[in-house]
Amino acid sequence: MASLKLGKIAFLNVWPIYFPLEEGWIPHDFEIVARSPAELNELMRRGELDMSVVSSVAYARHPDRMQVLPGLAIACDGPVQSVLLLSRRPVEDLDGREILLTTQSDTSVVLLKVLMQELLKFRRVRYRRGVLGECLTDGAPPTAFLAIGDEALMYRNHPDYPHVWDLAEVWKRWTGHPFVFALWVARRDLLPAERREVERAVCTLWAARSRGLEDLHVICHEAARAGILDHAGLECYYRTFTFDLDSQTLAGLELFFRYMVKIGDIPRMPPLDFVGAEEGKGTAMREKAEEGGRRWVENA
């Protein structure tokens with residue numbers, strides 16, 4: 001059977017899981033496809049990837065096309081550093097003004113709208129999408145803009161935008177819950193043989209996560225070559241994340257989905273449908289995920 005096509009976010013934040021795969025630390029048969037979050041969302045929606053990390057909202061909008069891989073997420077329980085609203089004015093003064101939105105993300109855009117509408121009760125904010133680098137230098141820079149990933153790390157100390165909202169930190173203060181930015185999913189319409197491969201692939205991803213977090217200093221050394229953060233900055237950055245989808249992060253995810261319904265982004269709460277659930281394996285796989293990926297793989 002052909003290799004499973006696995007989507008990868010082309011940002012630093014997923015290095016702890018993908019670096020062990022790409023460097024051969026964890027054997028695998030994936031064909032890894034690196035794109036922005038928004039591009040991966042669209043590829044999964046069209047069925048052009050077998051598995052991928054996708055924005056949480058991509059699953060919420062298309063649960064009929066995807067199933068969740070157990071035990072894996074990009075989540076944080078406080079500041080995330082790389083999902084930022086940067087503004088020339090205090091955030092409390094933005095009602096009735098325009099905010100430039102990154103074209104690279106979907107979940108962060110919806111989270112910003114939830115915070116504006118449900119936390120601040122703003123009803124007159126205007127939004128437009130644009131390429132940040134171009135919009136910041138075109139002679140009419142925005143009053144405020146949303147940046148994610150590597151762009152947020154680069155722009156976070158911009159002298160013209162002194163007012164900074166870390167969206168994950170604001171969410172945590174408001175709700176008390178972690179925030180889940182992304183999930184790993186599989187195509188729902190995979191053939192039976194492909195589905196068995198996906199279940200084995202889940203174990204491979206768990207093992208990669210465990211190895212990556214164990215050898216994070218090596219990953220930070222290599223990631224520093226990108227020139228965005230130094231080794232110490234990367235250590236701090238990666239420690240802000242949890243890559244687990246456990247009971248706490250699931251509670252935060254479900255709360256976010258309820259707010260998506262409330263602001264009219266989706267018509268109803270999506271079911272959290274896990275790979276293997278239809279064969280009765282979903283619960284067991286989730287339990288094993290919470291025990292820790294490497295131990296499960298070693299004892300499988």
# chains A, B, ... in the order shown; residues from 1 in each chain; ligands from 1
>>> residues_around(residues="Gly130 in chain A", least_positions_apart="2", cutoff="7 Å", atoms="only C-alpha atoms", output="PyMOL selection string")
chain A and resi 100-103+128+132+135
>>> select_by_dssp(residues="range 23-269 of chain A", states="strand (DSSP E or B)", output="PyMOL selection string")
chain A and resi 31-35+51-55+66-76+83-87+98-102+126-130+144-148+163-166+179-187+241-242
>>> closest_residue(among="A:Leu245, A:Ile219, A:Leu183, A:Ala168", to="Val80 in chain A", atoms="only C-alpha atoms")
A:Ala168
>>> residues_around(residues="range 174-176 of chain A", least_positions_apart="4", cutoff="9 Å", atoms="only C-alpha atoms", output="list of chain:residue names")
A:Asp77, A:Leu119, A:Glu169, A:Val170, A:Gly252, A:Leu255
>>> atom_distance(atom1="CA of Asn13 in chain A", atom2="CA of Tyr155 in chain A")
16.1 Å
>>> residues_around(residues="range 263-279 of chain A", least_positions_apart="3", cutoff="9 Å", atoms="only C-alpha atoms", output="PyMOL selection string")
chain A and resi 59-63+66-70+110+113-114+117-118+185-186+188+195-196+198-199+254+257-260+282-286
>>> residues_around(residues="Glu194 in chain A", least_positions_apart="2", cutoff="10 Å", atoms="only C-alpha atoms", output="NGL selection string")
:A and (1-4 or 50 or 187 or 189-192 or 196-200)
>>> atom_distance(atom1="CA of Leu94 in chain A", atom2="CA of Arg123 in chain A")
10.4 Å
>>> select_by_dssp(residues="range 13-144 of chain A", states="alpha helix (DSSP H)", output="number ranges by chain")
A: 15-22, 37-45, 56-61, 107-114, 132-135
>>> write_last_selection(atoms="N, CA and C atoms", output="CSV table (one decimal), in the first residue's frame")
chain,number,residue,atom,x,y,z
A,15,TRP,N,7.7,21.2,15.5
A,15,TRP,CA,9.0,20.5,15.5
A,15,TRP,C,9.2,19.4,16.5
A,16,PRO,N,8.7,19.5,17.7
A,16,PRO,CA,8.8,18.4,18.7
A,16,PRO,C,8.2,17.1,18.2
A,17,ILE,N,7.2,17.1,17.3
A,17,ILE,CA,6.6,15.9,16.8
A,17,ILE,C,7.2,15.5,15.5
A,18,TYR,N,7.5,16.4,14.6
A,18,TYR,CA,7.9,16.1,13.2
A,18,TYR,C,9.4,15.9,13.1
A,19,PHE,N,10.2,16.6,13.8
A,19,PHE,CA,11.6,16.5,13.7
A,19,PHE,C,12.1,15.0,14.0
A,20,PRO,N,11.6,14.3,15.0
A,20,PRO,CA,12.0,12.9,15.1
A,20,PRO,C,11.6,12.1,14.0
A,21,LEU,N,10.5,12.4,13.3
A,21,LEU,CA,10.1,11.6,12.1
A,21,LEU,C,11.1,11.9,10.9
A,22,GLU,N,11.3,13.2,10.7
A,22,GLU,CA,12.0,13.7,9.5
A,22,GLU,C,13.5,13.4,9.6
A,37,PRO,N,-1.4,26.3,8.2
A,37,PRO,CA,-2.6,25.7,8.7
A,37,PRO,C,-3.8,25.8,7.8
A,38,ALA,N,-4.0,26.9,7.2
A,38,ALA,CA,-5.2,27.1,6.4
A,38,ALA,C,-5.1,26.2,5.1
A,39,GLU,N,-4.0,26.0,4.6
A,39,GLU,CA,-3.8,25.2,3.4
A,39,GLU,C,-4.0,23.7,3.8
A,40,LEU,N,-3.5,23.3,5.0
A,40,LEU,CA,-3.8,21.9,5.4
A,40,LEU,C,-5.3,21.7,5.7
A,41,ASN,N,-5.9,22.6,6.2
A,41,ASN,CA,-7.4,22.5,6.4
A,41,ASN,C,-8.1,22.2,5.1
A,42,GLU,N,-7.7,22.9,4.1
A,42,GLU,CA,-8.4,22.8,2.8
A,42,GLU,C,-8.0,21.5,2.1
A,43,LEU,N,-6.8,21.0,2.3
A,43,LEU,CA,-6.3,19.7,1.7
A,43,LEU,C,-7.1,18.6,2.4
A,44,MET,N,-7.3,18.7,3.7
A,44,MET,CA,-8.0,17.6,4.4
A,44,MET,C,-9.5,17.7,4.0
A,45,ARG,N,-10.0,18.9,3.9
A,45,ARG,CA,-11.5,19.0,3.5
A,45,ARG,C,-11.7,18.3,2.1
A,56,SER,N,-8.5,23.5,14.8
A,56,SER,CA,-9.7,22.9,15.5
A,56,SER,C,-11.0,23.2,14.8
A,57,VAL,N,-11.0,24.5,14.3
A,57,VAL,CA,-12.3,24.8,13.6
A,57,VAL,C,-12.5,24.0,12.3
A,58,ALA,N,-11.4,23.5,11.7
A,58,ALA,CA,-11.6,22.7,10.5
A,58,ALA,C,-12.4,21.5,10.8
A,59,TYR,N,-12.0,20.8,11.9
A,59,TYR,CA,-12.8,19.6,12.3
A,59,TYR,C,-14.2,20.0,12.7
A,60,ALA,N,-14.4,21.1,13.4
A,60,ALA,CA,-15.7,21.5,13.9
A,60,ALA,C,-16.6,21.8,12.7
A,61,ARG,N,-16.1,22.3,11.6
A,61,ARG,CA,-16.9,22.6,10.4
A,61,ARG,C,-17.1,21.5,9.5
A,107,THR,N,-8.4,28.8,13.2
A,107,THR,CA,-8.8,28.7,14.6
A,107,THR,C,-8.5,30.1,15.3
A,108,SER,N,-7.4,30.7,15.0
A,108,SER,CA,-7.0,31.9,15.7
A,108,SER,C,-8.0,33.0,15.4
A,109,VAL,N,-8.4,33.0,14.1
A,109,VAL,CA,-9.4,34.0,13.7
A,109,VAL,C,-10.7,33.9,14.4
A,110,VAL,N,-11.2,32.7,14.5
A,110,VAL,CA,-12.5,32.4,15.2
A,110,VAL,C,-12.3,32.7,16.7
A,111,LEU,N,-11.2,32.4,17.3
A,111,LEU,CA,-10.9,32.7,18.7
A,111,LEU,C,-11.0,34.2,18.9
A,112,LEU,N,-10.3,34.9,18.1
A,112,LEU,CA,-10.4,36.4,18.2
A,112,LEU,C,-11.8,36.9,18.1
A,113,LYS,N,-12.6,36.4,17.2
A,113,LYS,CA,-14.0,36.9,17.1
A,113,LYS,C,-14.8,36.5,18.4
A,114,VAL,N,-14.5,35.3,18.9
A,114,VAL,CA,-15.2,34.9,20.2
A,114,VAL,C,-14.8,35.9,21.3
A,132,LEU,N,0.3,39.9,5.9
A,132,LEU,CA,0.8,40.8,6.9
A,132,LEU,C,2.0,41.6,6.4
A,133,GLY,N,3.0,41.0,5.9
A,133,GLY,CA,4.2,41.7,5.5
A,133,GLY,C,3.9,42.8,4.5
A,134,GLU,N,3.0,42.5,3.5
A,134,GLU,CA,2.6,43.5,2.5
A,134,GLU,C,1.8,44.6,3.2
A,135,CYS,N,0.8,44.3,4.0
A,135,CYS,CA,-0.1,45.3,4.6
A,135,CYS,C,0.7,46.2,5.6
>>> closest_residue(among="A:Leu216, A:Phe179, A:Leu120, A:Leu85", to="Ala147 in chain A", atoms="only C-alpha atoms")
A:Leu85
>>> residues_around(residues="range 227-243 of chain A", least_positions_apart="3", cutoff="6 Å", atoms="only C-alpha atoms", output="ChimeraX atom specification")
/A:72-76,80,220-221,224
>>> write_last_selection(atoms="N, CA, C and O atoms", output="PDB file, in the first residue's frame")
ATOM      1  N   LEU A  72      -3.569  13.474  20.761  1.00  0.00           N
ATOM      2  CA  LEU A  72      -2.661  14.417  20.112  1.00  0.00           C
ATOM      3  C   LEU A  72      -3.362  15.744  19.868  1.00  0.00           C
ATOM      4  O   LEU A  72      -4.487  15.781  19.359  1.00  0.00           O
ATOM      5  N   ALA A  73      -2.699  16.843  20.213  1.00  0.00           N
ATOM      6  CA  ALA A  73      -3.242  18.176  19.971  1.00  0.00           C
ATOM      7  C   ALA A  73      -2.112  19.186  20.069  1.00  0.00           C
ATOM      8  O   ALA A  73      -1.020  18.885  20.561  1.00  0.00           O
ATOM      9  N   ILE A  74      -2.365  20.379  19.574  1.00  0.00           N
ATOM     10  CA  ILE A  74      -1.522  21.535  19.876  1.00  0.00           C
ATOM     11  C   ILE A  74      -2.353  22.415  20.790  1.00  0.00           C
ATOM     12  O   ILE A  74      -3.337  23.017  20.358  1.00  0.00           O
ATOM     13  N   ALA A  75      -1.995  22.435  22.052  1.00  0.00           N
ATOM     14  CA  ALA A  75      -2.784  23.138  23.052  1.00  0.00           C
ATOM     15  C   ALA A  75      -1.856  23.877  24.008  1.00  0.00           C
ATOM     16  O   ALA A  75      -0.653  23.642  24.048  1.00  0.00           O
ATOM     17  N   CYS A  76      -2.429  24.794  24.759  1.00  0.00           N
ATOM     18  CA  CYS A  76      -1.653  25.497  25.771  1.00  0.00           C
ATOM     19  C   CYS A  76      -2.575  25.863  26.915  1.00  0.00           C
ATOM     20  O   CYS A  76      -3.790  26.008  26.747  1.00  0.00           O
ATOM     21  N   VAL A  80       0.766  31.602  24.812  1.00  0.00           N
ATOM     22  CA  VAL A  80       1.310  30.737  23.768  1.00  0.00           C
ATOM     23  C   VAL A  80       2.428  31.430  22.987  1.00  0.00           C
ATOM     24  O   VAL A  80       3.201  30.777  22.293  1.00  0.00           O
ATOM     25  N   CYS A 220      15.778  22.227  19.777  1.00  0.00           N
ATOM     26  CA  CYS A 220      15.979  23.674  19.911  1.00  0.00           C
ATOM     27  C   CYS A 220      17.266  24.119  19.227  1.00  0.00           C
ATOM     28  O   CYS A 220      17.313  25.182  18.594  1.00  0.00           O
ATOM     29  N   HIS A 221      18.299  23.314  19.331  1.00  0.00           N
ATOM     30  CA  HIS A 221      19.562  23.646  18.668  1.00  0.00           C
ATOM     31  C   HIS A 221      19.372  23.730  17.162  1.00  0.00           C
ATOM     32  O   HIS A 221      19.870  24.662  16.509  1.00  0.00           O
ATOM     33  N   ALA A 224      16.917  26.684  16.072  1.00  0.00           N
ATOM     34  CA  ALA A 224      17.515  28.018  16.197  1.00  0.00           C
ATOM     35  C   ALA A 224      18.148  28.473  14.891  1.00  0.00           C
ATOM     36  O   ALA A 224      18.322  29.677  14.662  1.00  0.00           O
TER      37      ALA A 224
END
>>> closest_residue(among="A:Arg88, A:Lys262, A:Ala223, A:Leu136", to="Pro162 in chain A", atoms="only C-alpha atoms")
A:Arg88
>>> residues_around(residues="range 157-161 of chain A", least_positions_apart="2", cutoff="10 Å", atoms="only C-alpha atoms", output="PyMOL selection string")
chain A and resi 85-90+141-145+152-155+163-164
>>> atom_distance(atom1="CA of Phe256 in chain A", atom2="CA of Asp106 in chain A")
13.3 Å
